[in-house]
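Peer 1: Here you go, coords06.txt (compact mmCIF, N, CA and C atoms):
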# COMPACT_ATOMS: atom_id res chain seq x y z
N GLN A 1 0.84 -1.18 0.00
CA GLN A 1 0.00 0.00 0.00
C GLN A 1 0.88 1.25 0.00
N VAL A 2 0.28 2.34 -0.42
CA VAL A 2 1.02 3.60 -0.50
C VAL A 2 1.35 4.08 0.91
N GLN A 3 2.61 4.41 1.10
CA GLN A 3 3.05 5.00 2.37
C GLN A 3 3.93 6.21 2.09
N LEU A 4 3.68 7.27 2.85
CA LEU A 4 4.49 8.48 2.81
C LEU A 4 4.89 8.79 4.24
N VAL A 5 6.18 8.94 4.48
CA VAL A 5 6.67 9.19 5.84
C VAL A 5 7.53 10.44 5.83
N GLU A 6 7.02 11.49 6.50
CA GLU A 6 7.76 12.74 6.58
C GLU A 6 8.68 12.74 7.81
N SER A 7 9.77 13.47 7.69
CA SER A 7 10.69 13.64 8.81
C SER A 7 11.45 14.94 8.62
N GLY A 8 12.16 15.36 9.67
CA GLY A 8 13.02 16.53 9.58
C GLY A 8 12.48 17.79 10.21
N GLY A 9 11.27 17.74 10.72
CA GLY A 9 10.72 18.92 11.38
C GLY A 9 11.38 19.18 12.72
N GLY A 10 11.02 20.31 13.31
CA GLY A 10 11.57 20.65 14.61
C GLY A 10 11.36 22.11 14.93
N LEU A 11 12.04 22.55 15.97
CA LEU A 11 11.98 23.94 16.43
C LEU A 11 13.22 24.68 15.90
N VAL A 12 12.99 25.82 15.26
CA VAL A 12 14.09 26.59 14.70
C VAL A 12 13.81 28.07 14.93
N GLN A 13 14.86 28.85 15.07
CA GLN A 13 14.70 30.29 15.26
C GLN A 13 14.39 30.98 13.93
N PRO A 14 13.74 32.13 13.97
CA PRO A 14 13.52 32.89 12.74
C PRO A 14 14.83 33.13 12.01
N GLY A 15 14.78 32.95 10.68
CA GLY A 15 15.98 33.08 9.87
C GLY A 15 16.75 31.78 9.69
N GLY A 16 16.36 30.76 10.43
CA GLY A 16 17.04 29.48 10.35
C GLY A 16 16.58 28.63 9.19
N SER A 17 17.11 27.40 9.13
CA SER A 17 16.82 26.49 8.04
C SER A 17 16.47 25.10 8.56
N LEU A 18 15.69 24.40 7.77
CA LEU A 18 15.37 22.99 8.02
C LEU A 18 15.25 22.30 6.67
N ARG A 19 15.53 21.00 6.65
CA ARG A 19 15.27 20.21 5.46
C ARG A 19 14.33 19.07 5.83
N LEU A 20 13.18 19.07 5.19
CA LEU A 20 12.21 18.00 5.39
C LEU A 20 12.43 16.91 4.35
N SER A 21 12.13 15.67 4.75
CA SER A 21 12.20 14.54 3.83
C SER A 21 10.85 13.82 3.82
N CYS A 22 10.54 13.25 2.67
CA CYS A 22 9.33 12.44 2.52
C CYS A 22 9.75 11.14 1.83
N ALA A 23 9.75 10.05 2.58
CA ALA A 23 10.11 8.74 2.04
C ALA A 23 8.85 8.02 1.60
N ALA A 24 8.85 7.56 0.35
CA ALA A 24 7.65 6.96 -0.23
C ALA A 24 7.87 5.48 -0.52
N SER A 25 6.77 4.72 -0.47
CA SER A 25 6.80 3.31 -0.83
C SER A 25 5.41 2.87 -1.25
N GLY A 26 5.36 1.71 -1.93
CA GLY A 26 4.07 1.15 -2.30
C GLY A 26 3.55 1.58 -3.66
N PHE A 27 4.33 2.35 -4.39
CA PHE A 27 3.94 2.73 -5.73
C PHE A 27 5.21 3.07 -6.53
N THR A 28 5.05 3.23 -7.83
CA THR A 28 6.19 3.53 -8.70
C THR A 28 6.50 5.02 -8.58
N PHE A 29 7.38 5.31 -7.65
CA PHE A 29 7.66 6.69 -7.24
C PHE A 29 8.01 7.59 -8.41
N SER A 30 8.83 7.10 -9.31
CA SER A 30 9.34 7.95 -10.40
C SER A 30 8.28 8.31 -11.43
N SER A 31 7.07 7.77 -11.27
CA SER A 31 6.00 8.05 -12.22
C SER A 31 5.05 9.15 -11.74
N TYR A 32 5.25 9.66 -10.54
CA TYR A 32 4.26 10.56 -9.96
C TYR A 32 4.86 11.87 -9.46
N ALA A 33 4.10 12.95 -9.69
CA ALA A 33 4.42 14.21 -9.05
C ALA A 33 4.14 14.12 -7.55
N ILE A 34 4.88 14.87 -6.78
CA ILE A 34 4.74 14.90 -5.32
C ILE A 34 4.58 16.35 -4.89
N ARG A 35 3.77 16.54 -3.88
CA ARG A 35 3.53 17.90 -3.36
C ARG A 35 3.76 17.95 -1.86
N TRP A 36 4.20 19.11 -1.39
CA TRP A 36 4.24 19.43 0.04
C TRP A 36 3.10 20.41 0.34
N TYR A 37 2.37 20.10 1.40
CA TYR A 37 1.34 20.99 1.93
C TYR A 37 1.71 21.32 3.37
N ARG A 38 1.03 22.32 3.90
CA ARG A 38 1.18 22.62 5.32
C ARG A 38 -0.16 23.08 5.88
N GLN A 39 -0.30 22.87 7.19
CA GLN A 39 -1.51 23.32 7.87
C GLN A 39 -1.15 23.90 9.22
N ALA A 40 -1.45 25.17 9.37
CA ALA A 40 -1.23 25.87 10.63
C ALA A 40 -2.49 25.77 11.49
N PRO A 41 -2.35 25.92 12.81
CA PRO A 41 -3.52 25.83 13.69
C PRO A 41 -4.62 26.81 13.28
N GLY A 42 -5.83 26.30 13.14
CA GLY A 42 -6.96 27.15 12.81
C GLY A 42 -7.05 27.56 11.36
N LYS A 43 -6.15 27.02 10.52
CA LYS A 43 -6.15 27.39 9.11
C LYS A 43 -6.34 26.16 8.24
N GLU A 44 -6.72 26.41 6.98
CA GLU A 44 -6.87 25.31 6.05
C GLU A 44 -5.49 24.85 5.55
N ARG A 45 -5.47 23.60 5.12
CA ARG A 45 -4.24 23.06 4.54
C ARG A 45 -3.96 23.79 3.22
N GLU A 46 -2.70 24.18 3.01
CA GLU A 46 -2.34 24.90 1.80
C GLU A 46 -1.17 24.25 1.09
N LEU A 47 -1.18 24.38 -0.24
CA LEU A 47 -0.10 23.86 -1.04
C LEU A 47 1.14 24.73 -0.88
N VAL A 48 2.27 24.11 -0.62
CA VAL A 48 3.53 24.83 -0.45
C VAL A 48 4.39 24.72 -1.71
N ALA A 49 4.56 23.49 -2.20
CA ALA A 49 5.43 23.27 -3.37
C ALA A 49 5.08 21.94 -4.01
N GLY A 50 5.39 21.83 -5.30
CA GLY A 50 5.19 20.59 -6.02
C GLY A 50 6.35 20.33 -6.95
N ILE A 51 6.54 19.05 -7.29
CA ILE A 51 7.63 18.68 -8.19
C ILE A 51 7.13 17.58 -9.12
N SER A 52 7.50 17.69 -10.39
CA SER A 52 7.07 16.69 -11.37
C SER A 52 7.76 15.36 -11.12
N ASN A 53 7.33 14.34 -11.85
CA ASN A 53 7.86 12.99 -11.60
C ASN A 53 9.35 12.89 -11.89
N THR A 54 9.84 13.68 -12.86
CA THR A 54 11.26 13.63 -13.19
C THR A 54 12.08 14.63 -12.40
N GLY A 55 11.39 15.56 -11.75
CA GLY A 55 12.09 16.63 -11.06
C GLY A 55 12.35 17.84 -11.94
N GLY A 56 11.96 17.76 -13.20
CA GLY A 56 12.24 18.84 -14.12
C GLY A 56 11.33 20.04 -13.99
N GLY A 57 10.22 19.86 -13.31
CA GLY A 57 9.28 20.96 -13.11
C GLY A 57 8.93 21.13 -11.66
N THR A 58 8.93 22.37 -11.20
CA THR A 58 8.59 22.66 -9.82
C THR A 58 7.67 23.87 -9.77
N ASN A 59 6.91 23.98 -8.70
CA ASN A 59 6.09 25.17 -8.48
C ASN A 59 6.03 25.45 -6.99
N TYR A 60 5.79 26.71 -6.64
CA TYR A 60 5.83 27.14 -5.25
C TYR A 60 4.70 28.12 -4.95
N ALA A 61 4.24 28.10 -3.72
CA ALA A 61 3.34 29.14 -3.26
C ALA A 61 4.11 30.45 -3.21
N ASP A 62 3.42 31.55 -3.47
CA ASP A 62 4.08 32.85 -3.47
C ASP A 62 4.76 33.14 -2.14
N SER A 63 4.17 32.65 -1.07
CA SER A 63 4.69 32.95 0.26
C SER A 63 6.03 32.30 0.55
N VAL A 64 6.44 31.31 -0.25
CA VAL A 64 7.70 30.61 0.02
C VAL A 64 8.70 30.74 -1.13
N LYS A 65 8.31 31.36 -2.22
CA LYS A 65 9.21 31.49 -3.37
C LYS A 65 10.48 32.21 -2.96
N GLY A 66 11.61 31.65 -3.41
CA GLY A 66 12.90 32.23 -3.09
C GLY A 66 13.47 31.79 -1.76
N ARG A 67 12.67 31.12 -0.94
CA ARG A 67 13.13 30.65 0.37
C ARG A 67 13.14 29.12 0.46
N PHE A 68 12.17 28.48 -0.19
CA PHE A 68 12.05 27.03 -0.13
C PHE A 68 12.44 26.42 -1.47
N THR A 69 13.02 25.23 -1.42
CA THR A 69 13.37 24.49 -2.64
C THR A 69 12.93 23.05 -2.49
N ILE A 70 12.15 22.58 -3.45
CA ILE A 70 11.72 21.19 -3.47
C ILE A 70 12.62 20.42 -4.44
N SER A 71 12.96 19.19 -4.07
CA SER A 71 13.78 18.34 -4.92
C SER A 71 13.41 16.89 -4.67
N ARG A 72 13.90 16.01 -5.50
CA ARG A 72 13.61 14.58 -5.32
C ARG A 72 14.79 13.75 -5.77
N ASP A 73 14.88 12.55 -5.18
CA ASP A 73 15.86 11.56 -5.55
C ASP A 73 15.08 10.29 -5.87
N ASN A 74 14.89 10.03 -7.16
CA ASN A 74 14.06 8.88 -7.53
C ASN A 74 14.74 7.54 -7.21
N ALA A 75 16.06 7.55 -7.06
CA ALA A 75 16.75 6.32 -6.68
C ALA A 75 16.48 5.97 -5.22
N LYS A 76 16.15 6.98 -4.42
CA LYS A 76 15.89 6.77 -3.00
C LYS A 76 14.41 6.88 -2.65
N ASN A 77 13.56 7.11 -3.66
CA ASN A 77 12.12 7.26 -3.42
C ASN A 77 11.83 8.32 -2.37
N THR A 78 12.53 9.44 -2.47
CA THR A 78 12.43 10.48 -1.45
C THR A 78 12.32 11.86 -2.09
N VAL A 79 11.46 12.67 -1.49
CA VAL A 79 11.32 14.08 -1.86
C VAL A 79 11.78 14.92 -0.67
N TYR A 80 12.41 16.04 -0.99
CA TYR A 80 12.94 16.93 0.04
C TYR A 80 12.31 18.32 -0.08
N LEU A 81 12.27 19.01 1.04
CA LEU A 81 11.89 20.42 1.05
C LEU A 81 12.92 21.17 1.88
N GLN A 82 13.79 21.88 1.19
CA GLN A 82 14.79 22.72 1.87
C GLN A 82 14.14 24.05 2.19
N MET A 83 14.11 24.41 3.45
CA MET A 83 13.45 25.64 3.90
C MET A 83 14.48 26.56 4.53
N ASN A 84 14.69 27.70 3.91
CA ASN A 84 15.65 28.69 4.41
C ASN A 84 14.91 29.96 4.81
N SER A 85 15.59 30.81 5.55
CA SER A 85 15.03 32.10 5.98
C SER A 85 13.64 31.91 6.57
N LEU A 86 13.53 30.97 7.47
CA LEU A 86 12.22 30.64 8.03
C LEU A 86 11.65 31.79 8.85
N LYS A 87 10.33 31.90 8.78
CA LYS A 87 9.59 32.95 9.48
C LYS A 87 8.59 32.31 10.45
N PRO A 88 8.18 33.04 11.46
CA PRO A 88 7.17 32.49 12.39
C PRO A 88 5.91 32.01 11.65
N GLU A 89 5.55 32.68 10.58
CA GLU A 89 4.34 32.28 9.86
C GLU A 89 4.51 30.99 9.06
N ASP A 90 5.72 30.44 9.02
CA ASP A 90 5.93 29.12 8.42
C ASP A 90 5.60 27.99 9.39
N THR A 91 5.32 28.34 10.63
CA THR A 91 4.96 27.33 11.62
C THR A 91 3.71 26.58 11.20
N ALA A 92 3.82 25.25 11.13
CA ALA A 92 2.71 24.42 10.66
C ALA A 92 3.13 22.96 10.72
N VAL A 93 2.17 22.08 10.50
CA VAL A 93 2.47 20.69 10.23
C VAL A 93 2.60 20.55 8.72
N TYR A 94 3.70 19.96 8.28
CA TYR A 94 3.99 19.81 6.86
C TYR A 94 3.72 18.36 6.44
N TYR A 95 3.00 18.23 5.33
CA TYR A 95 2.60 16.92 4.81
C TYR A 95 3.07 16.76 3.37
N CYS A 96 3.46 15.55 3.02
CA CYS A 96 3.66 15.28 1.60
C CYS A 96 2.45 14.52 1.06
N ASN A 97 2.27 14.62 -0.23
CA ASN A 97 1.04 14.17 -0.88
C ASN A 97 1.34 13.61 -2.26
N VAL A 98 0.64 12.54 -2.59
CA VAL A 98 0.67 12.01 -3.96
C VAL A 98 -0.77 11.67 -4.36
N ILE A 99 -1.07 11.88 -5.63
CA ILE A 99 -2.39 11.55 -6.15
C ILE A 99 -2.25 10.40 -7.14
N ARG A 100 -2.90 9.28 -6.84
CA ARG A 100 -2.92 8.14 -7.74
C ARG A 100 -4.37 7.79 -8.05
N TYR A 101 -4.69 7.79 -9.33
CA TYR A 101 -6.05 7.42 -9.76
C TYR A 101 -7.10 8.21 -8.98
N ILE A 102 -6.93 9.49 -8.90
CA ILE A 102 -7.80 10.48 -8.23
C ILE A 102 -7.82 10.35 -6.72
N THR A 103 -7.10 9.40 -6.13
CA THR A 103 -7.06 9.28 -4.68
C THR A 103 -5.85 10.02 -4.12
N HIS A 104 -6.09 10.86 -3.10
CA HIS A 104 -5.01 11.56 -2.42
C HIS A 104 -4.46 10.69 -1.30
N TYR A 105 -3.15 10.59 -1.25
CA TYR A 105 -2.48 9.91 -0.15
C TYR A 105 -1.63 10.92 0.61
N TRP A 106 -1.65 10.80 1.94
CA TRP A 106 -0.95 11.73 2.81
C TRP A 106 -0.07 10.99 3.80
N GLY A 107 1.01 11.64 4.19
CA GLY A 107 1.78 11.13 5.30
C GLY A 107 1.17 11.59 6.61
N GLN A 108 1.88 11.28 7.71
CA GLN A 108 1.37 11.65 9.04
C GLN A 108 1.71 13.10 9.40
N GLY A 109 2.63 13.68 8.63
CA GLY A 109 3.02 15.06 8.87
C GLY A 109 4.21 15.20 9.80
N THR A 110 4.90 16.32 9.68
CA THR A 110 6.01 16.65 10.58
C THR A 110 5.85 18.10 11.01
N GLN A 111 6.01 18.35 12.30
CA GLN A 111 5.77 19.69 12.86
C GLN A 111 7.00 20.57 12.65
N VAL A 112 6.76 21.76 12.13
CA VAL A 112 7.79 22.79 12.02
C VAL A 112 7.34 23.98 12.86
N THR A 113 8.18 24.38 13.80
CA THR A 113 7.88 25.52 14.66
C THR A 113 9.02 26.53 14.53
N VAL A 114 8.66 27.74 14.15
CA VAL A 114 9.65 28.81 14.00
C VAL A 114 9.38 29.83 15.09
N SER A 115 10.29 29.90 16.04
CA SER A 115 10.08 30.77 17.19
C SER A 115 11.41 31.07 17.86
N SER A 116 11.48 32.27 18.42
CA SER A 116 12.67 32.63 19.17
C SER A 116 12.48 32.31 20.66
Please, can you express the file's structure as structure tokens?

Peer 2:
Amino acid sequence: QVQLVESGGGLVQPGGSLRLSCAASGFTFSSYAIRWYRQAPGKERELVAGISNTGGGTNYADSVKGRFTISRDNAKNTVYLQMNSLKPEDTAVYYCNVIRYITHYWGQGTQVTVSS
């Protein structure tokens, strides 16, 4: 079955960096685009970044452009989200997502807290 496991979250000061990882299994990873979403307390889940199956195409929410970079390693079935210049408003639970045959699959999420 499809499994997505996020890791790499934690507590970081404003201006700091974190790298999130999403390890995937149960499907042909190199055939699917992967997305990172986040959900802050009291807010709806929002799309942060996406990457095509080959890694040749990426897209970002305006709020993270120039600060976050999404990448993937198809040999390791893993997607990464490098987050730099973090702000308090980046605090959220971050989830990776894949859509197969119109079904959305989600990981359990990893908490990112940006605070001094």

Peer 1: As a list in words, please: the residues near Gly50 (chain A) (cut-off 12 Å, only C-alpha atoms, same-chain neighbours under 6 positions excluded).

Peer 2: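 Within the cut-off, the hits are Tyr32, Ala33, Ile34, Arg35, Trp36, Tyr37, Gly56, Gly57, Thr58, Asn59, Tyr60, Ala61, Val64, Lys65, Phe68, Thr69, Ile70, Ser71, Arg72, Val79, Tyr80, Leu81, Tyr95, Cys96, Asn97, Val98 and Ile99 of chain A.
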
Peer 1: Could you tell me how far atom N of His104 (chain A) lies from CA of Lys76 (chain A), in Å and to one decimal?

Peer 2: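 Separation between atom N of His104 (chain A) and CA of Lys76 (chain A): 22.4 Å.
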
Peer 1: Take the point (18.6, 22.8, 5.0) in the file's coordinates, draw a sphere of radius 9 Å around it, and report as a ChimeraX atom specification every protein, DNA or RNA residue with an atom inside or on it, counting only C-alpha atoms.

Peer 2: /A:16-20,81-84

Peer 1: Give me the residues near Val5 (chain A) as a list in words, where near means some atom within 10 Å (using only C-alpha atoms) and where sequence neighbours in that chain fewer than 6 positions away do not count.

Peer 2: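 Here the answer would be Ser21, Cys22, Ala23, Ala24, Ser25, Thr78, Tyr95, Cys96, Trp106, Gly107, Gln108, Gly109 and Thr110 of chain A.
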
Peer 1: Write the residues of the selection above to a file with N, CA and C atoms, as a PDB file, in the frame of the given file.

Peer 2:
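Writing the result to out_19.pdb gives the following:
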ATOM      1  N   SER A  21      12.130  15.670   4.750  1.00  0.00           N
ATOM      2  CA  SER A  21      12.200  14.540   3.830  1.00  0.00           C
ATOM      3  C   SER A  21      10.850  13.820   3.820  1.00  0.00           C
ATOM      4  N   CYS A  22      10.540  13.250   2.670  1.00  0.00           N
ATOM      5  CA  CYS A  22       9.330  12.440   2.520  1.00  0.00           C
ATOM      6  C   CYS A  22       9.750  11.140   1.830  1.00  0.00           C
ATOM      7  N   ALA A  23       9.750  10.050   2.580  1.00  0.00           N
ATOM      8  CA  ALA A  23      10.110   8.740   2.040  1.00  0.00           C
ATOM      9  C   ALA A  23       8.850   8.020   1.600  1.00  0.00           C
ATOM     10  N   ALA A  24       8.850   7.560   0.350  1.00  0.00           N
ATOM     11  CA  ALA A  24       7.650   6.960  -0.230  1.00  0.00           C
ATOM     12  C   ALA A  24       7.870   5.480  -0.520  1.00  0.00           C
ATOM     13  N   SER A  25       6.770   4.720  -0.470  1.00  0.00           N
ATOM     14  CA  SER A  25       6.800   3.310  -0.830  1.00  0.00           C
ATOM     15  C   SER A  25       5.410   2.870  -1.250  1.00  0.00           C
ATOM     16  N   THR A  78      12.530   9.440  -2.470  1.00  0.00           N
ATOM     17  CA  THR A  78      12.430  10.480  -1.450  1.00  0.00           C
ATOM     18  C   THR A  78      12.320  11.860  -2.090  1.00  0.00           C
ATOM     19  N   TYR A  95       3.000  18.230   5.330  1.00  0.00           N
ATOM     20  CA  TYR A  95       2.600  16.920   4.810  1.00  0.00           C
ATOM     21  C   TYR A  95       3.070  16.760   3.370  1.00  0.00           C
ATOM     22  N   CYS A  96       3.460  15.550   3.020  1.00  0.00           N
ATOM     23  CA  CYS A  96       3.660  15.280   1.600  1.00  0.00           C
ATOM     24  C   CYS A  96       2.450  14.520   1.060  1.00  0.00           C
ATOM     25  N   TRP A 106      -1.650  10.800   1.940  1.00  0.00           N
ATOM     26  CA  TRP A 106      -0.950  11.730   2.810  1.00  0.00           C
ATOM     27  C   TRP A 106      -0.070  10.990   3.800  1.00  0.00           C
ATOM     28  N   GLY A 107       1.010  11.640   4.190  1.00  0.00           N
ATOM     29  CA  GLY A 107       1.780  11.130   5.300  1.00  0.00           C
ATOM     30  C   GLY A 107       1.170  11.590   6.610  1.00  0.00           C
ATOM     31  N   GLN A 108       1.880  11.280   7.710  1.00  0.00           N
ATOM     32  CA  GLN A 108       1.370  11.650   9.040  1.00  0.00           C
ATOM     33  C   GLN A 108       1.710  13.100   9.400  1.00  0.00           C
ATOM     34  N   GLY A 109       2.630  13.680   8.630  1.00  0.00           N
ATOM     35  CA  GLY A 109       3.020  15.060   8.870  1.00  0.00           C
ATOM     36  C   GLY A 109       4.210  15.200   9.800  1.00  0.00           C
ATOM     37  N   THR A 110       4.900  16.320   9.680  1.00  0.00           N
ATOM     38  CA  THR A 110       6.010  16.650  10.580  1.00  0.00           C
ATOM     39  C   THR A 110       5.850  18.100  11.010  1.00  0.00           C
TER      40      THR A 110
END

Peer 1: So what do you get for CA of Asp90 (chain A) versus CA of Leu4 (chain A), distance-wise?

Peer 2: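 Here the two named atoms are 21.4 Å from each other.
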
Peer 1: Can you work out the spacing between atom C of Asn74 (chain A) and CA of Tyr105 (chain A) in Å, to one decimal?

Peer 2: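 Those two atoms sit 18.8 Å apart.
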
Peer 1: Kindly indicate which residue among A:Thr113, A:Asp73, A:Glu6, A:Ser30 lies nearest to Lys87 (chain A), using only N, CA and C atoms for the distances.

Peer 2: A:Thr113

Peer 1: Calculated over only C-alpha atoms, which of the candidates A:Val2, A:Ala49, A:Val12, A:Val114 has the smallest distance to Ala92 (chain A)?

Peer 2: A:Val114

Peer 1: Using only C-alpha atoms for the distances, tell me which of A:Asp62, A:Pro41, A:Gln111, A:Ser31 is nearest to Gly9 (chain A).

Peer 2: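 Going through A:Asp62, A:Pro41, A:Gln111, A:Ser31 one by one, the smallest distance to Gly9 (chain A) is for A:Gln111.
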
Peer 1: Output as a count of residues only all residues of chain A that backbone DSSP marks as strand (DSSP E or B).

Peer 2: 61

Peer 1: Taking into account only C-alpha atoms, which residue in the set A:Thr103, A:Thr91, A:Ser85, A:Ser116 is nearest to Arg38 (chain A)?

Peer 2: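 Using only C-alpha atoms, Arg38 (chain A) sits closest to A:Thr91.
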
Peer 1: For Val93 (chain A), which of A:Ser7, A:Gly66, A:Gln39, A:Arg45 is the closest residue, counting all atoms listed in the file?

Peer 2: A:Gln39

Peer 1: When you count only C-alpha atoms, which of these residues is closest to Asn77 (chain A): A:Gly42, A:Leu47, A:Val112, A:Asn53?

Peer 2: A:Asn53
